[in-house]
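A.B. asks: So here's run_21.cif, just mmCIF, C-alpha atoms:
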data_work
#
loop_
_atom_site.group_PDB
_atom_site.id
_atom_site.type_symbol
_atom_site.label_atom_id
_atom_site.label_comp_id
_atom_site.auth_asym_id
_atom_site.auth_seq_id
_atom_site.Cartn_x
_atom_site.Cartn_y
_atom_site.Cartn_z
ATOM 1 C CA MET A 43 48.854 -14.883 15.663
ATOM 2 C CA LEU A 44 50.042 -13.815 12.212
ATOM 3 C CA LEU A 45 53.399 -15.572 12.608
ATOM 4 C CA PRO A 46 53.914 -19.110 11.243
ATOM 5 C CA ALA A 47 53.836 -21.930 13.777
ATOM 6 C CA GLY A 48 57.568 -22.514 13.497
ATOM 7 C CA LEU A 49 58.388 -18.919 14.509
ATOM 8 C CA ARG A 50 56.083 -18.561 17.519
ATOM 9 C CA GLN A 51 58.514 -20.316 19.907
ATOM 10 C CA ARG A 52 62.067 -21.660 19.933
ATOM 11 C CA ASP A 53 62.911 -24.943 18.249
ATOM 12 C CA GLN A 54 62.815 -27.731 20.857
ATOM 13 C CA THR A 55 63.677 -30.658 18.596
ATOM 14 C CA LYS A 56 66.891 -32.545 19.181
ATOM 15 C CA LYS A 57 67.133 -34.224 15.791
ATOM 16 C CA SER A 58 69.143 -32.709 13.047
ATOM 17 C CA PRO A 59 67.330 -31.897 9.775
ATOM 18 C CA THR A 60 67.112 -34.831 7.376
ATOM 19 C CA GLY A 61 66.640 -32.744 4.269
ATOM 20 C CA PRO A 62 63.991 -30.737 2.450
ATOM 21 C CA LEU A 63 60.275 -31.585 2.766
ATOM 22 C CA ASP A 64 59.034 -34.379 0.474
ATOM 23 C CA ARG A 65 55.256 -34.385 0.675
ATOM 24 C CA GLU A 66 54.670 -37.612 -1.256
ATOM 25 C CA ALA A 67 57.183 -39.516 0.873
ATOM 26 C CA LEU A 68 55.572 -38.167 4.040
ATOM 27 C CA LEU A 69 52.087 -39.294 2.954
ATOM 28 C CA GLN A 70 53.345 -42.775 2.073
ATOM 29 C CA TYR A 71 55.022 -43.026 5.485
ATOM 30 C CA LEU A 72 51.835 -42.024 7.316
ATOM 31 C CA GLU A 73 49.734 -44.527 5.343
ATOM 32 C CA GLN A 74 52.246 -47.306 6.064
ATOM 33 C CA GLN A 75 52.220 -46.484 9.767
ATOM 34 C CA ALA A 76 48.406 -46.544 9.830
ATOM 35 C CA LEU A 77 48.310 -49.954 8.168
ATOM 36 C CA GLU A 78 50.855 -51.439 10.590
ATOM 37 C CA VAL A 79 48.967 -50.376 13.709
ATOM 38 C CA LYS A 80 46.880 -53.272 15.029
ATOM 39 C CA GLU A 81 43.185 -52.637 15.458
ATOM 40 C CA ARG A 82 41.800 -52.659 18.986
ATOM 41 C CA ASP A 83 39.636 -55.612 19.919
ATOM 42 C CA ASP A 84 36.007 -54.915 20.790
ATOM 43 C CA LEU A 85 35.128 -55.327 24.422
ATOM 44 C CA VAL A 86 31.873 -57.050 23.423
ATOM 45 C CA PRO A 87 32.086 -58.780 20.036
ATOM 46 C CA PHE A 88 29.191 -58.317 17.655
ATOM 47 C CA THR A 89 27.290 -61.533 16.997
ATOM 48 C CA GLY A 90 24.082 -60.246 15.380
ATOM 49 C CA GLU A 91 21.901 -61.701 18.131
ATOM 50 C CA LYS A 92 18.700 -59.765 18.910
ATOM 51 C CA LYS A 93 18.005 -59.380 22.591
ATOM 52 C CA GLY A 94 14.817 -58.322 24.241
ATOM 53 C CA LYS A 95 11.237 -58.468 23.012
ATOM 54 C CA PRO A 96 9.791 -56.289 20.210
ATOM 55 C CA TYR A 97 7.300 -53.662 21.342
ATOM 56 C CA ILE A 98 3.676 -54.465 20.575
ATOM 57 C CA GLN A 99 1.236 -51.639 21.049
ATOM 58 C CA PRO A 100 -1.624 -52.789 23.246
ATOM 59 C CA LYS A 101 -5.105 -52.619 21.827
ATOM 60 C CA ARG A 102 -7.208 -49.919 23.388
ATOM 61 C CA GLU A 103 -10.730 -50.863 24.170
ATOM 62 C CA ILE A 104 -13.255 -48.186 23.266
ATOM 63 C CA PRO A 105 -15.520 -47.349 26.211
ATOM 64 C CA VAL A 106 -19.206 -47.976 25.814
ATOM 65 C CA GLN A 107 -20.071 -44.277 25.963
ATOM 66 C CA GLU A 108 -17.690 -43.585 23.063
ATOM 67 C CA GLN A 109 -18.898 -46.376 20.825
ATOM 68 C CA ILE A 110 -20.999 -45.255 17.865
ATOM 69 C CA THR A 111 -23.577 -47.555 16.374
ATOM 70 C CA LEU A 112 -24.661 -46.813 12.844
ATOM 71 C CA GLU A 113 -27.507 -48.198 10.847
ATOM 72 C CA PRO A 114 -26.740 -51.434 9.013
ATOM 73 C CA GLU A 115 -26.958 -49.691 5.623
ATOM 74 C CA LEU A 116 -24.378 -47.072 6.633
ATOM 75 C CA GLU A 117 -22.130 -49.716 8.171
ATOM 76 C CA GLU A 118 -22.177 -51.699 4.951
ATOM 77 C CA ALA A 119 -21.567 -48.600 2.821
ATOM 78 C CA LEU A 120 -18.582 -47.497 4.904
ATOM 79 C CA ALA A 121 -17.148 -51.014 4.972
ATOM 80 C CA HIS A 122 -17.005 -51.100 1.157
ATOM 81 C CA ALA A 123 -16.048 -47.417 0.615
ATOM 82 C CA THR A 124 -12.891 -46.667 -1.306
ATOM 83 C CA ASP A 125 -10.129 -44.327 -0.145
ATOM 84 C CA ALA A 126 -11.388 -41.595 -2.449
ATOM 85 C CA GLU A 127 -14.902 -41.833 -1.025
ATOM 86 C CA MET A 128 -13.589 -41.809 2.543
ATOM 87 C CA CYS A 129 -11.543 -38.715 1.694
ATOM 88 C CA ASP A 130 -14.645 -36.902 0.443
ATOM 89 C CA ILE A 131 -16.634 -37.952 3.498
ATOM 90 C CA ALA A 132 -13.898 -36.667 5.800
ATOM 91 C CA ALA A 133 -13.894 -33.335 3.950
ATOM 92 C CA ILE A 134 -17.673 -33.010 4.238
ATOM 93 C CA LEU A 135 -17.471 -33.723 7.981
ATOM 94 C CA GLY A 136 -14.802 -31.017 8.363
ATOM 95 C CA MET A 137 -11.857 -33.310 9.156
ATOM 96 C CA TYR A 138 -9.410 -31.147 7.243
ATOM 97 C CA THR A 139 -6.446 -32.338 9.316
ATOM 98 C CA LEU A 140 -6.591 -35.757 7.649
ATOM 99 C CA MET A 141 -5.809 -34.435 4.167
ATOM 100 C CA SER A 142 -4.056 -31.713 2.260
ATOM 101 C CA ASN A 143 -5.640 -28.351 1.500
ATOM 102 C CA LYS A 144 -6.026 -29.262 -2.166
ATOM 103 C CA GLN A 145 -7.873 -32.479 -1.328
ATOM 104 C CA TYR A 146 -10.096 -30.670 1.145
ATOM 105 C CA TYR A 147 -11.166 -27.858 -1.179
ATOM 106 C CA ASP A 148 -11.557 -30.202 -4.150
ATOM 107 C CA ALA A 149 -13.972 -32.327 -2.135
ATOM 108 C CA ILE A 150 -15.918 -29.318 -0.835
ATOM 109 C CA CYS A 151 -16.158 -27.247 -4.019
ATOM 110 C CA SER A 152 -16.928 -29.980 -6.554
ATOM 111 C CA GLY A 153 -19.939 -32.263 -6.586
ATOM 112 C CA GLU A 154 -17.952 -35.241 -7.831
ATOM 113 C CA ILE A 155 -15.237 -37.411 -6.310
ATOM 114 C CA CYS A 156 -11.942 -35.728 -7.224
ATOM 115 C CA ASN A 157 -9.523 -37.208 -4.669
ATOM 116 C CA THR A 158 -8.535 -40.495 -6.237
ATOM 117 C CA GLU A 159 -5.336 -40.759 -4.194
ATOM 118 C CA GLY A 160 -6.887 -41.312 -0.788
ATOM 119 C CA ILE A 161 -6.381 -39.673 2.596
ATOM 120 C CA SER A 162 -2.797 -40.832 3.181
ATOM 121 C CA SER A 163 -1.568 -39.757 -0.234
ATOM 122 C CA VAL A 164 1.381 -37.484 -0.893
ATOM 123 C CA VAL A 165 0.439 -34.020 -2.132
ATOM 124 C CA GLN A 166 1.239 -33.758 -5.822
ATOM 125 C CA PRO A 167 1.843 -30.440 -7.597
ATOM 126 C CA ASP A 168 -0.881 -29.187 -9.895
ATOM 127 C CA LYS A 169 -0.241 -29.599 -13.576
ATOM 128 C CA TYR A 170 -0.911 -26.274 -15.243
ATOM 129 C CA LYS A 171 -1.513 -25.983 -18.919
ATOM 130 C CA PRO A 172 0.829 -23.577 -20.684
ATOM 131 C CA VAL A 173 -0.944 -20.428 -21.747
ATOM 132 C CA PRO A 174 0.107 -19.240 -25.196
ATOM 133 C CA ASP A 175 1.056 -15.639 -25.722
ATOM 134 C CA GLU A 176 -1.524 -13.282 -27.096
ATOM 135 C CA PRO A 177 -1.350 -12.799 -30.836
ATOM 136 C CA PRO A 178 0.000 -9.443 -31.996
ATOM 137 C CA ASN A 179 -2.410 -6.617 -32.641
ATOM 138 C CA PRO A 180 -3.494 -6.945 -36.289
ATOM 139 C CA THR A 181 -4.565 -3.304 -36.596
ATOM 140 C CA ASN A 182 -3.220 -1.509 -39.664
ATOM 141 C CA ILE A 183 -2.365 1.972 -38.442
ATOM 142 C CA GLU A 184 -2.313 3.595 -41.865
ATOM 143 C CA GLU A 185 -5.782 2.278 -42.737
ATOM 144 C CA ILE A 186 -7.141 3.366 -39.346
ATOM 145 C CA LEU A 187 -5.686 6.832 -39.869
ATOM 146 C CA LYS A 188 -7.372 7.105 -43.302
ATOM 147 C CA SER A 189 -10.708 5.913 -41.889
ATOM 148 C CA VAL A 190 -10.583 8.375 -38.999
ATOM 149 C CA ARG A 191 -9.685 11.250 -41.321
ATOM 150 C CA SER A 192 -12.547 10.388 -43.680
ATOM 151 C CA ASN A 193 -14.937 10.062 -40.708
ATOM 152 C CA ASP A 194 -15.905 6.507 -41.675
ATOM 153 C CA LYS A 195 -19.106 5.586 -39.845
ATOM 154 C CA GLU A 196 -18.124 1.899 -39.659
ATOM 155 C CA VAL A 197 -15.086 2.655 -37.487
ATOM 156 C CA GLU A 198 -16.358 3.069 -33.922
ATOM 157 C CA GLU A 199 -13.308 1.719 -32.087
ATOM 158 C CA VAL A 200 -9.606 2.505 -32.472
ATOM 159 C CA ASN A 201 -7.528 -0.135 -30.700
ATOM 160 C CA LEU A 202 -3.742 0.278 -30.919
ATOM 161 C CA ASN A 203 -2.904 -1.722 -27.786
ATOM 162 C CA ASN A 204 0.570 -3.303 -27.509
ATOM 163 C CA ILE A 205 1.854 -1.804 -30.776
ATOM 164 C CA GLN A 206 5.150 -0.342 -29.571
ATOM 165 C CA ASP A 207 6.719 0.792 -32.828
ATOM 166 C CA ILE A 208 4.213 3.481 -33.817
ATOM 167 C CA PRO A 209 6.009 6.699 -34.826
ATOM 168 C CA ILE A 210 5.152 9.722 -32.713
ATOM 169 C CA PRO A 211 4.167 11.850 -35.762
ATOM 170 C CA MET A 212 1.642 9.189 -36.825
ATOM 171 C CA LEU A 213 0.039 9.118 -33.370
ATOM 172 C CA THR A 214 -0.064 12.902 -33.365
ATOM 173 C CA GLU A 215 -1.780 12.874 -36.765
ATOM 174 C CA LEU A 216 -4.287 10.311 -35.465
ATOM 175 C CA CYS A 217 -5.134 12.529 -32.484
ATOM 176 C CA GLU A 218 -5.435 15.488 -34.855
ATOM 177 C CA ALA A 219 -7.861 13.527 -37.053
ATOM 178 C CA MET A 220 -9.891 12.538 -33.970
ATOM 179 C CA LYS A 221 -10.749 16.190 -33.325
ATOM 180 C CA THR A 222 -13.297 16.267 -36.141
ATOM 181 C CA ASN A 223 -14.377 12.607 -36.077
ATOM 182 C CA THR A 224 -17.949 11.977 -34.989
ATOM 183 C CA HIS A 225 -18.207 8.165 -35.096
ATOM 184 C CA VAL A 226 -15.334 6.798 -32.999
ATOM 185 C CA ARG A 227 -16.604 5.900 -29.509
ATOM 186 C CA SER A 228 -13.535 4.129 -28.041
ATOM 187 C CA PHE A 229 -9.872 5.150 -28.321
ATOM 188 C CA SER A 230 -7.240 2.872 -26.711
ATOM 189 C CA LEU A 231 -3.466 3.418 -26.601
ATOM 190 C CA VAL A 232 -2.422 0.820 -23.996
ATOM 191 C CA ALA A 233 1.297 -0.104 -23.935
ATOM 192 C CA THR A 234 2.267 1.925 -26.980
ATOM 193 C CA ARG A 235 5.276 3.590 -25.246
ATOM 194 C CA SER A 236 3.527 6.939 -25.529
ATOM 195 C CA GLY A 237 4.977 9.911 -23.650
ATOM 196 C CA ASP A 238 4.082 13.501 -22.887
ATOM 197 C CA PRO A 239 3.908 14.617 -26.559
ATOM 198 C CA ILE A 240 1.142 12.080 -27.182
ATOM 199 C CA ALA A 241 -0.562 13.051 -23.928
ATOM 200 C CA ASN A 242 -0.621 16.709 -25.023
ATOM 201 C CA ALA A 243 -2.032 15.662 -28.406
ATOM 202 C CA VAL A 244 -4.740 13.624 -26.641
ATOM 203 C CA ALA A 245 -5.548 16.627 -24.446
ATOM 204 C CA ASP A 246 -5.978 18.871 -27.498
ATOM 205 C CA MET A 247 -8.202 16.215 -29.066
ATOM 206 C CA LEU A 248 -10.446 16.017 -25.984
ATOM 207 C CA ARG A 249 -11.062 19.767 -26.056
ATOM 208 C CA GLU A 250 -12.625 19.558 -29.550
ATOM 209 C CA ASN A 251 -14.006 16.017 -29.896
ATOM 210 C CA ARG A 252 -17.660 15.610 -28.959
ATOM 211 C CA SER A 253 -18.291 11.913 -29.719
ATOM 212 C CA LEU A 254 -15.597 9.957 -27.833
ATOM 213 C CA GLN A 255 -16.890 8.000 -24.842
ATOM 214 C CA SER A 256 -13.948 5.827 -23.743
ATOM 215 C CA LEU A 257 -10.242 6.721 -23.519
ATOM 216 C CA ASN A 258 -7.550 4.280 -22.325
ATOM 217 C CA ILE A 259 -3.898 5.394 -22.086
ATOM 218 C CA GLU A 260 -2.679 2.915 -19.441
ATOM 219 C CA SER A 261 0.809 1.355 -19.268
ATOM 220 C CA ASN A 262 2.711 4.152 -21.000
ATOM 221 C CA PHE A 263 5.536 6.588 -20.251
ATOM 222 C CA ILE A 264 3.363 9.625 -19.471
ATOM 223 C CA SER A 265 4.672 11.824 -16.675
ATOM 224 C CA SER A 266 2.756 14.010 -14.243
ATOM 225 C CA THR A 267 2.847 16.934 -16.687
ATOM 226 C CA GLY A 268 1.159 14.928 -19.439
ATOM 227 C CA LEU A 269 -1.441 13.490 -17.079
ATOM 228 C CA MET A 270 -2.218 16.947 -15.732
ATOM 229 C CA ALA A 271 -2.857 18.195 -19.293
ATOM 230 C CA VAL A 272 -5.216 15.275 -20.001
ATOM 231 C CA LEU A 273 -7.139 15.777 -16.745
ATOM 232 C CA LYS A 274 -7.632 19.484 -17.399
ATOM 233 C CA ALA A 275 -8.850 18.736 -20.930
ATOM 234 C CA VAL A 276 -11.397 16.197 -19.637
ATOM 235 C CA ARG A 277 -13.173 19.029 -17.787
ATOM 236 C CA GLU A 278 -13.962 20.623 -21.151
ATOM 237 C CA ASN A 279 -15.370 17.380 -22.586
ATOM 238 C CA ALA A 280 -18.962 16.439 -21.742
ATOM 239 C CA THR A 281 -19.253 13.153 -23.672
ATOM 240 C CA LEU A 282 -16.412 11.106 -22.164
ATOM 241 C CA THR A 283 -17.734 8.463 -19.730
ATOM 242 C CA GLU A 284 -14.665 6.257 -19.186
ATOM 243 C CA LEU A 285 -11.046 7.249 -18.563
ATOM 244 C CA ARG A 286 -8.151 4.921 -17.696
ATOM 245 C CA VAL A 287 -4.678 6.315 -16.897
ATOM 246 C CA ASP A 288 -3.173 3.756 -14.487
ATOM 247 C CA ASN A 289 0.214 1.969 -14.576
ATOM 248 C CA GLN A 290 2.449 4.698 -15.951
ATOM 249 C CA ARG A 291 6.214 4.402 -15.867
ATOM 250 C CA GLN A 292 6.511 6.652 -12.817
ATOM 251 C CA TRP A 293 4.179 7.656 -10.007
ATOM 252 C CA PRO A 294 2.463 10.940 -10.976
ATOM 253 C CA GLY A 295 2.532 12.438 -7.471
ATOM 254 C CA ASP A 296 0.140 13.849 -4.891
ATOM 255 C CA ALA A 297 -0.760 16.904 -6.948
ATOM 256 C CA VAL A 298 -1.953 14.775 -9.877
ATOM 257 C CA GLU A 299 -4.007 12.546 -7.598
ATOM 258 C CA MET A 300 -5.678 15.614 -6.088
ATOM 259 C CA GLU A 301 -6.366 16.859 -9.618
ATOM 260 C CA MET A 302 -7.947 13.487 -10.468
ATOM 261 C CA ALA A 303 -10.300 13.754 -7.509
ATOM 262 C CA THR A 304 -11.192 17.349 -8.436
ATOM 263 C CA MET A 305 -11.820 16.339 -12.059
ATOM 264 C CA LEU A 306 -14.190 13.550 -11.005
ATOM 265 C CA GLU A 307 -16.072 15.954 -8.744
ATOM 266 C CA GLN A 308 -16.479 18.494 -11.555
ATOM 267 C CA CYS A 309 -17.234 16.001 -14.390
ATOM 268 C CA PRO A 310 -20.492 14.151 -13.688
ATOM 269 C CA SER A 311 -20.254 12.377 -17.052
ATOM 270 C CA ILE A 312 -17.310 10.189 -15.904
ATOM 271 C CA VAL A 313 -18.772 6.949 -14.520
ATOM 272 C CA ARG A 314 -15.705 4.680 -14.929
ATOM 273 C CA PHE A 315 -12.204 5.757 -13.925
ATOM 274 C CA GLY A 316 -9.132 3.514 -13.956
ATOM 275 C CA TYR A 317 -6.403 4.481 -11.498
ATOM 276 C CA HIS A 318 -5.022 3.036 -8.235
ATOM 277 C CA PHE A 319 -4.762 5.854 -5.700
ATOM 278 C CA THR A 320 -1.907 5.766 -3.201
ATOM 279 C CA GLN A 321 -3.220 8.540 -0.915
ATOM 280 C CA GLN A 322 -6.279 8.138 1.290
ATOM 281 C CA GLY A 323 -7.633 11.646 0.772
ATOM 282 C CA PRO A 324 -7.909 11.624 -3.044
ATOM 283 C CA ARG A 325 -9.107 8.013 -2.941
ATOM 284 C CA ALA A 326 -12.038 8.860 -0.659
ATOM 285 C CA ARG A 327 -12.978 11.926 -2.709
ATOM 286 C CA ALA A 328 -12.797 9.960 -5.956
ATOM 287 C CA ALA A 329 -14.943 7.122 -4.556
ATOM 288 C CA GLN A 330 -17.584 9.568 -3.383
ATOM 289 C CA ALA A 331 -17.569 11.378 -6.719
ATOM 290 C CA MET A 332 -17.880 8.121 -8.682
ATOM 291 C CA THR A 333 -20.811 7.032 -6.538
ATOM 292 C CA ARG A 334 -22.551 10.335 -7.188
ATOM 293 C CA ASN A 335 -21.847 10.219 -10.944
ATOM 294 C CA ASN A 336 -23.208 6.693 -11.278
ATOM 295 C CA GLU A 337 -26.308 7.647 -9.311
ATOM 296 C CA LEU A 338 -26.911 10.623 -11.609
ATOM 297 C CA ARG A 339 -26.496 8.369 -14.646
ATOM 298 C CA ARG A 340 -28.992 5.885 -13.195
ATOM 299 C CA GLN A 341 -31.543 8.623 -12.582
ATOM 300 C CA GLN A 342 -31.120 9.908 -16.129
ATOM 301 C CA LYS A 343 -31.771 6.440 -17.548
ATOM 302 C CA LYS A 344 -34.935 6.088 -15.484
ATOM 303 C CA ARG A 345 -36.270 9.328 -16.918
#
Mind converting the file's structure to structure tokens?
C.D. replies:
Amino acid sequence: MLLPAGLRQRDQTKKSPTGPLDREALLQYLEQQALEVKERDDLVPFTGEKKGKPYIQPKREIPVQEQITLEPELEEALAHATDAEMCDIAAILGMYTLMSNKQYYDAICSGEICNTEGISSVVQPDKYKPVPDEPPNPTNIEEILKSVRSNDKEVEEVNLNNIQDIPIPMLTELCEAMKTNTHVRSFSLVATRSGDPIANAVADMLRENRSLQSLNIESNFISSTGLMAVLKAVRENATLTELRVDNQRQWPGDAVEMEMATMLEQCPSIVRFGYHFTQQGPRARAAQAMTRNNELRRQQKKR
């Protein structure tokens, strides 16, 4: 099957070769032969005459038992109803097969007539408004560092979210200044490309700080080692009530999730914890611990 067609069998032609192959001449010859061949006459010539009768669907008479008689007011209202109003009525009556899902839910969820196209309309795509990007974080890191070092009472929140060019020494100095600060209540380092060195600095800060209530280090590059250091430091802190560590660059592992559940069981002050567990065991323990912590907090407020 790999041989050319001319080599698969012996040459059975009786003509002598006329010369080398001329492709253009061969194509012109074939076209000339096709034009000289007379077309075959049709057995039945086409005249354009229409034969037979067009199909007319017979009118079906509605039986008496199926006929519905409405009050004259309703009959008049339905006779003059627009397509949009009929679409809303069909949606209210549950005839969802007569319209698209968008028309159905628009008619059910809103108190006004939204379907201006009618029942037999073509579904149009929704026109979404473009959402502009969030403005960059206007926080001045150097000023925040000075305020935290001086223990400024007006600074109760340190928000460095989405600032990805912060030098590691500056973040380490900020965590060092947070050790002695008594006024900052919220410390957020979301999406700052922080790694294990920053996590260790945060852990050292938690062991000495006694005023911080909320810590958010989500969406960073912290590994299981850094998370383990933070979780162990939280046990030595009695003022922290909220901790968020989800969405790191890599999954921390089963051991870290077990440590999270143990930390929540041993720290009744934590009432809000941000992490998506992948294992059923730590998830159940964490949910039970959070329920208990919130109940203890509720009882303390009642007292």
A.B. asks: So, with all atoms listed in the file as the atoms that count, which of A:Ser236, A:Asn193, A:Ser230, A:Gln290 lies closest to Pro211 in chain A?
C.D. replies: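 Smallest separation from Pro211 in chain A among the options: A:Ser236.
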A.B. asks: Given the point (-14.5, 13.9, -20.7) in the file's coordinates, find the residues that have an atom at most 8 Å from it, counting only C-alpha atoms, and give them as a list in words.
C.D. replies: Leu248, Gln255, Ala275, Val276, Arg277, Glu278, Asn279, Ala280, Thr281, Leu282, Thr283, Glu284, Leu285, Cys309, Ser311 and Ile312 of chain A
A.B. asks: Write the residues of the preceding selection, restricted to C-alpha atoms, as a PDB file, in the coordinates of the input.
C.D. replies:
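Final file, result-v4.pdb:
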ATOM      1  CA  LEU A 248     -10.446  16.017 -25.984  1.00  0.00           C
ATOM      2  CA  GLN A 255     -16.890   8.000 -24.842  1.00  0.00           C
ATOM      3  CA  ALA A 275      -8.850  18.736 -20.930  1.00  0.00           C
ATOM      4  CA  VAL A 276     -11.397  16.197 -19.637  1.00  0.00           C
ATOM      5  CA  ARG A 277     -13.173  19.029 -17.787  1.00  0.00           C
ATOM      6  CA  GLU A 278     -13.962  20.623 -21.151  1.00  0.00           C
ATOM      7  CA  ASN A 279     -15.370  17.380 -22.586  1.00  0.00           C
ATOM      8  CA  ALA A 280     -18.962  16.439 -21.742  1.00  0.00           C
ATOM      9  CA  THR A 281     -19.253  13.153 -23.672  1.00  0.00           C
ATOM     10  CA  LEU A 282     -16.412  11.106 -22.164  1.00  0.00           C
ATOM     11  CA  THR A 283     -17.734   8.463 -19.730  1.00  0.00           C
ATOM     12  CA  GLU A 284     -14.665   6.257 -19.186  1.00  0.00           C
ATOM     13  CA  LEU A 285     -11.046   7.249 -18.563  1.00  0.00           C
ATOM     14  CA  CYS A 309     -17.234  16.001 -14.390  1.00  0.00           C
ATOM     15  CA  SER A 311     -20.254  12.377 -17.052  1.00  0.00           C
ATOM     16  CA  ILE A 312     -17.310  10.189 -15.904  1.00  0.00           C
TER      17      ILE A 312
END
A.B. asks: Suppose a student applies the PyMOL selection byres ((chain A and resi 305) around 8) to this structure; what residues should they get, written as a PyMOL selection string?
C.D. replies: chain A and resi 273-274+276-277+301-304+306-309
A.B. asks: Suppose you want the space between CA of Asn251 in chain A and CA of Asn201 in chain A; what is it in Å?
C.D. replies: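 One can read the CA of Asn251 in chain A to CA of Asn201 in chain A distance as 17.4 Å.
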A.B. asks: Taking all atoms of range 82-93 of chain A that the file lists and extending 4 Å past them on each side, where is the centre of the axis-aligned box and how long are its edges? Answer in Å to one decimal, as JSON.
C.D. replies:
{"center_x": 29.9, "center_y": -57.2, "center_z": 19.9, "size_x": 31.8, "size_y": 17.0, "size_z": 17.0}
